[in-house]
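Listing of model26.cif, mmCIF, C-alpha atoms
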```cif
data_target
#
loop_
_atom_site.label_atom_id
_atom_site.label_comp_id
_atom_site.auth_asym_id
_atom_site.auth_seq_id
_atom_site.Cartn_x
_atom_site.Cartn_y
_atom_site.Cartn_z
CA MET A 378 0.00 0.00 0.00
CA GLU A 379 2.85 2.41 0.78
CA TRP A 380 4.33 1.80 -2.64
CA ARG A 381 0.98 2.51 -4.24
CA THR A 382 0.34 5.70 -2.29
CA LEU A 383 3.75 7.33 -2.14
CA TYR A 384 6.79 5.89 -3.83
CA LEU A 385 5.53 6.03 -7.40
CA ASP A 386 4.97 9.78 -7.10
CA VAL A 387 8.37 10.33 -5.47
CA MET A 388 10.24 8.35 -8.13
CA LEU A 389 8.42 8.69 -11.45
CA VAL A 390 7.44 12.36 -11.51
CA PRO A 391 10.86 13.79 -10.46
CA PHE A 392 12.55 11.32 -12.83
CA GLY A 393 10.35 12.53 -15.68
CA LEU A 394 11.21 16.15 -14.86
CA LEU A 395 14.91 15.25 -14.67
CA ILE A 396 14.77 13.64 -18.11
CA ASN A 397 13.05 16.75 -19.43
CA LEU A 398 15.73 18.99 -17.92
CA ALA A 399 18.56 16.80 -19.21
CA TYR A 400 17.10 16.85 -22.73
CA HIS A 401 16.90 20.64 -22.81
CA VAL A 402 20.43 21.00 -21.44
CA TRP A 403 21.61 18.69 -24.22
CA LEU A 404 19.53 20.66 -26.75
CA TRP A 405 21.08 23.92 -25.55
CA HIS A 406 24.54 22.38 -25.98
CA LYS A 407 23.67 21.32 -29.54
CA VAL A 408 22.40 24.80 -30.35
CA ARG A 409 25.66 26.28 -29.09
CA THR A 410 27.98 23.80 -30.80
CA GLN A 411 26.05 22.43 -33.82
CA ALA A 412 23.42 25.04 -34.52
CA PHE A 413 22.84 23.82 -38.07
CA LEU A 414 21.35 20.59 -36.69
CA THR A 415 18.57 22.35 -34.75
CA ILE A 416 15.67 24.51 -35.84
CA PHE A 417 16.62 27.05 -33.17
CA GLY A 418 20.07 27.57 -34.63
CA ILE A 419 18.74 27.93 -38.16
CA ASP A 420 15.99 30.31 -37.01
CA ALA A 421 18.53 32.41 -35.10
CA ASP A 422 20.64 32.74 -38.23
CA GLY A 423 17.56 33.70 -40.23
CA ARG A 424 16.57 36.35 -37.70
CA CYS A 425 20.03 37.94 -37.89
CA LEU A 426 19.53 38.28 -41.65
CA TRP A 427 15.87 39.30 -41.45
CA VAL A 428 16.32 42.45 -39.36
CA PRO A 429 18.92 44.14 -41.63
CA ALA A 430 16.88 43.15 -44.69
CA MET A 431 13.79 44.87 -43.25
CA MET A 432 15.73 47.97 -42.22
CA LYS A 433 17.51 48.28 -45.56
CA ASP A 434 14.29 49.24 -47.34
CA ILE A 435 11.96 49.95 -44.45
CA ASP A 436 9.84 52.43 -46.44
CA LYS A 437 8.59 49.62 -48.65
CA LYS A 438 8.81 46.78 -46.13
CA SER A 439 7.43 48.48 -43.02
CA MET A 440 4.04 46.77 -43.37
CA LEU A 441 5.68 43.36 -43.82
CA ALA A 442 7.94 43.89 -40.82
CA VAL A 443 5.16 45.08 -38.50
CA GLN A 444 2.81 42.31 -39.66
CA SER A 445 5.45 39.63 -39.05
CA ILE A 446 6.19 40.92 -35.55
CA ARG A 447 2.47 41.28 -34.82
CA ASN A 448 1.96 37.61 -35.67
CA MET A 449 4.61 36.72 -33.10
CA ILE A 450 2.94 39.00 -30.55
CA MET A 451 -0.44 37.36 -31.14
CA GLY A 452 1.09 33.93 -30.59
CA SER A 453 2.71 34.99 -27.33
CA ILE A 454 -0.50 36.68 -26.16
CA PHE A 455 -2.48 33.53 -26.89
CA MET A 456 -0.09 31.35 -24.90
CA ALA A 457 0.06 33.88 -22.06
CA SER A 458 -3.74 34.03 -21.93
CA THR A 459 -4.00 30.25 -21.91
CA SER A 460 -1.43 29.96 -19.12
CA ILE A 461 -3.07 32.55 -16.89
CA LEU A 462 -6.49 31.01 -17.57
CA LEU A 463 -5.18 27.65 -16.37
CA CYS A 464 -3.68 29.38 -13.33
CA CYS A 465 -7.07 30.89 -12.49
CA GLY A 466 -8.76 27.53 -12.87
CA LEU A 467 -6.17 25.79 -10.72
CA GLY A 468 -6.42 28.55 -8.13
CA ALA A 469 -10.17 28.05 -7.95
CA VAL A 470 -9.71 24.31 -7.51
CA ILE A 471 -7.03 24.76 -4.84
CA SER A 472 -9.23 27.13 -2.84
CA SER A 473 -12.22 24.79 -3.02
CA THR A 474 -12.89 21.80 -0.83
CA TYR A 475 -10.72 18.73 -1.27
CA SER A 476 -13.75 16.62 -2.11
CA VAL A 477 -13.56 17.80 -5.74
CA LYS A 478 -9.90 16.81 -6.03
CA LYS A 479 -10.30 13.10 -5.40
CA PRO A 480 -9.19 10.81 -8.22
CA LEU A 481 -11.77 9.66 -10.68
CA LEU A 482 -10.88 6.01 -10.08
CA ASP A 483 -9.63 4.40 -6.91
CA SER A 484 -7.47 2.08 -9.01
CA ILE A 485 -5.15 4.94 -10.08
CA TYR A 486 -1.68 4.47 -8.62
CA GLY A 487 -0.08 7.20 -6.58
CA ALA A 488 -0.74 9.23 -3.47
CA HIS A 489 -4.30 10.47 -2.93
CA GLY A 490 -3.85 12.35 0.34
CA GLU A 491 -4.56 16.04 0.83
CA PHE A 492 -0.87 16.95 0.90
CA ALA A 493 -0.14 15.07 -2.34
CA VAL A 494 -3.12 16.63 -4.10
CA ALA A 495 -2.17 20.11 -2.90
CA LEU A 496 1.42 19.52 -4.10
CA LYS A 497 0.20 18.54 -7.55
CA TYR A 498 -1.94 21.62 -7.99
CA ALA A 499 0.67 23.95 -6.52
CA THR A 500 3.31 22.58 -8.93
CA LEU A 501 0.96 23.03 -11.87
CA PHE A 502 0.05 26.54 -10.76
CA THR A 503 3.72 27.55 -10.48
CA THR A 504 4.62 26.07 -13.89
CA PHE A 505 1.84 27.83 -15.78
CA LEU A 506 2.44 31.06 -13.86
CA PHE A 507 6.07 31.17 -14.98
CA SER A 508 4.95 30.31 -18.52
CA PHE A 509 2.70 33.37 -18.41
CA LEU A 510 5.59 35.48 -17.09
CA PHE A 511 7.97 34.53 -19.90
CA HIS A 512 5.33 35.02 -22.60
CA SER A 513 4.39 38.45 -21.23
CA LEU A 514 8.05 39.49 -21.24
CA SER A 515 8.32 38.28 -24.82
CA VAL A 516 5.36 40.49 -25.77
CA ARG A 517 7.12 43.43 -24.14
CA PHE A 518 10.26 43.05 -26.30
CA LEU A 519 8.25 42.43 -29.46
CA SER A 520 6.14 45.53 -28.87
CA GLN A 521 9.32 47.56 -28.44
CA LEU A 522 10.70 46.07 -31.64
CA THR A 523 7.54 47.00 -33.56
CA ILE A 524 8.07 50.67 -32.76
CA LEU A 525 11.82 50.85 -33.21
CA ILE A 526 12.08 48.96 -36.48
CA CYS A 527 10.12 51.72 -38.24
CA THR A 528 12.13 54.62 -36.85
CA PRO A 529 14.10 56.76 -39.32
CA GLN A 530 17.68 55.59 -39.70
CA ASP A 531 20.39 58.02 -38.72
CA VAL A 532 24.15 57.67 -38.57
CA GLU A 533 24.25 58.72 -34.91
CA SER A 534 21.15 56.79 -33.88
CA MET A 535 21.50 54.14 -31.18
CA VAL A 536 18.76 52.11 -32.90
CA ASN A 537 20.68 49.96 -35.32
CA ALA A 538 20.33 46.49 -36.80
CA GLU A 539 22.43 44.89 -34.07
CA TYR A 540 20.27 46.33 -31.30
CA LEU A 541 17.01 45.31 -32.98
CA ALA A 542 18.35 41.82 -33.67
CA GLU A 543 19.20 41.54 -29.97
CA LEU A 544 15.66 42.55 -29.03
CA LEU A 545 14.26 39.92 -31.37
CA ARG A 546 16.64 37.31 -29.97
CA LYS A 547 15.55 38.02 -26.39
CA ALA A 548 11.88 37.94 -27.34
CA THR A 549 12.31 34.63 -29.15
CA ILE A 550 14.20 33.03 -26.25
CA LEU A 551 11.52 34.14 -23.78
CA ASN A 552 8.85 32.76 -26.08
CA ILE A 553 10.64 29.42 -26.38
CA VAL A 554 11.12 29.12 -22.61
CA GLY A 555 7.47 29.97 -22.03
CA ASN A 556 6.36 27.35 -24.55
CA ARG A 557 8.59 24.68 -23.02
CA LEU A 558 7.26 25.45 -19.54
CA PHE A 559 3.74 25.14 -20.90
CA HIS A 560 4.62 21.81 -22.50
CA THR A 561 6.12 20.65 -19.20
CA GLY A 562 2.87 21.54 -17.48
CA LEU A 563 0.86 19.19 -19.70
CA PRO A 564 2.36 15.96 -18.27
CA LEU A 565 2.10 17.50 -14.80
CA LEU A 566 -1.57 18.09 -15.50
CA LEU A 567 -1.95 14.35 -16.06
CA TRP A 568 -0.22 13.79 -12.70
CA ILE A 569 -3.65 14.41 -11.18
CA PHE A 570 -4.65 11.02 -12.57
CA GLY A 571 -1.50 9.25 -11.41
CA PRO A 572 2.31 9.35 -11.71
CA VAL A 573 2.46 6.52 -14.26
CA ILE A 574 0.40 8.49 -16.76
CA ALA A 575 2.43 11.64 -16.07
CA PHE A 576 5.76 9.85 -16.61
CA SER A 577 4.57 8.12 -19.79
CA SER A 578 3.25 11.36 -21.28
CA SER A 579 6.50 13.16 -20.34
CA VAL A 580 8.60 10.58 -22.19
CA GLY A 581 6.24 10.63 -25.17
CA MET A 582 6.35 14.42 -25.31
CA LEU A 583 10.17 14.42 -25.34
CA LEU A 584 10.18 12.00 -28.27
CA VAL A 585 7.89 14.34 -30.19
CA LEU A 586 9.95 17.41 -29.27
CA HIS A 587 13.17 15.68 -30.36
CA LYS A 588 11.60 14.99 -33.73
CA LEU A 589 10.59 18.64 -34.08
CA ASP A 590 13.72 20.27 -32.64
CA PHE A 591 16.25 18.66 -34.98
CA VAL A 592 16.42 18.80 -38.74
CA ALA A 593 17.85 16.31 -41.23
CA ARG A 594 20.59 17.91 -43.30
CA LYS A 595 20.96 16.96 -46.95
CA GLU A 596 24.60 16.13 -46.30
CA GLN A 597 23.60 13.66 -43.59
CA ILE A 598 21.01 12.05 -45.83
CA LYS A 599 23.56 11.74 -48.63
CA ILE A 600 26.13 10.18 -46.28
CA GLY A 601 23.53 7.74 -45.01
CA ILE A 602 22.62 6.69 -48.57
CA ASP A 603 26.30 6.27 -49.49
CA GLU A 604 26.95 4.14 -46.41
CA ALA A 605 23.91 2.00 -47.11
CA TYR A 606 25.05 1.57 -50.73
CA LEU A 607 28.56 0.52 -49.64
CA ASN A 608 27.21 -1.95 -47.14
#
```
Encoded form (structure tokens):
Amino acid sequence: MEWRTLYLDVMLVPFGLLINLAYHVWLWHKVRTQAFLTIFGIDADGRCLWVPAMMKDIDKKSMLAVQSIRNMIMGSIFMASTSILLCCGLGAVISSTYSVKKPLLDSIYGAHGEFAVALKYATLFTTFLFSFLFHSLSVRFLSQLTILICTPQDVESMVNAEYLAELLRKATILNIVGNRLFHTGLPLLLWIFGPVIAFSSSVGMLLVLHKLDFVARKEQIKIGIDEAYLN
């Protein structure tokens, strides 16, 4: 009974979070050392080229630049709104009686006590709250970029392509961190129904993210075909 009510939560959920953290540390290392293998590295290179291209002929491309940044702002606002909405819902559940927080099925493994249930909801609340924080900060930088990218260019102006590219880089990083926190909160949301489901969904999510985070280079595909042909 002790194993069913305590040890699965203590082992599986932290282990799933540790795997998630280790994957993102490894992903950050790949972005720093082999950026061409990741979508983040390729996107960063594209952003460094996009800002000077917009500023070079801003009179004709101002609408395109503002529209592109506005699309990013709308995405961040949507995620921030979703995160804070979940926080409000979780806050309402936490403040209510514990009778509504009981598991749907008694056969679900994991702890069902008041402390365990409160810990689950508090962890979820904190995760989505920080996701909202990072997305709101991303909106702040993108809004600043929208104004500055259309300012008249002057030789002595402090608003140059390097500064605007840095603003875009910060906004993108904050957006990525907010999205990853939101994605981490989804397996934690399933923790309400048991640690086994939470751990399984965490592993499955990492497999999907790995598929999306890395790209197959043509050179790698060609080498793979040549090796298969030689074998």
Just so the selection is clear, what residues does the PyMOL selection byres ((chain A and resi 448-450) around 9) cover here, as a list in words? Val443, Gln444, Ser445, Ile446, Arg447, Met451, Gly452, Ser453, Ile454, Phe455, Ser515, Val516, Arg517, Leu519, Ser520 and Thr549 of chain A
Can you list, as JSON, numbers by chain, the residues that the PyMOL selection byres ((chain A and resi 461) around 10) selects here? {"A": [456, 457, 458, 459, 460, 462, 463, 464, 465, 466, 467, 502, 505, 506, 507, 508, 509, 510]}
Gap from atom CA of Phe570 of chain A to atom CA of Leu394 of chain A - Å, one decimal: 16.8 Å
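This file, queried with the PyMOL selection byres ((chain A and resi 581) around 12), gives the residues A:Gly393, A:Ile396, A:Asn397, A:His560, A:Thr561, A:Leu563, A:Pro564, A:Ile574, A:Ala575, A:Phe576, A:Ser577, A:Ser578, A:Ser579, A:Val580, A:Met582, A:Leu583, A:Leu584, A:Val585, A:Leu586, A:His587, A:Lys588.
With all atoms listed in the file as the atoms that count, the minimum distance from Leu545 of chain A to the choices A:Tyr400, A:Pro572, A:Thr503, A:Ile526 is reached by A:Ile526.
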Kindly indicate which residue among A:Met431, A:Ile419, A:Ile569, A:Val592 lies nearest to Val390 of chain A, using all atoms listed in the file for the distances.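 Smallest distance to Val390 of chain A is found for A:Ile569.
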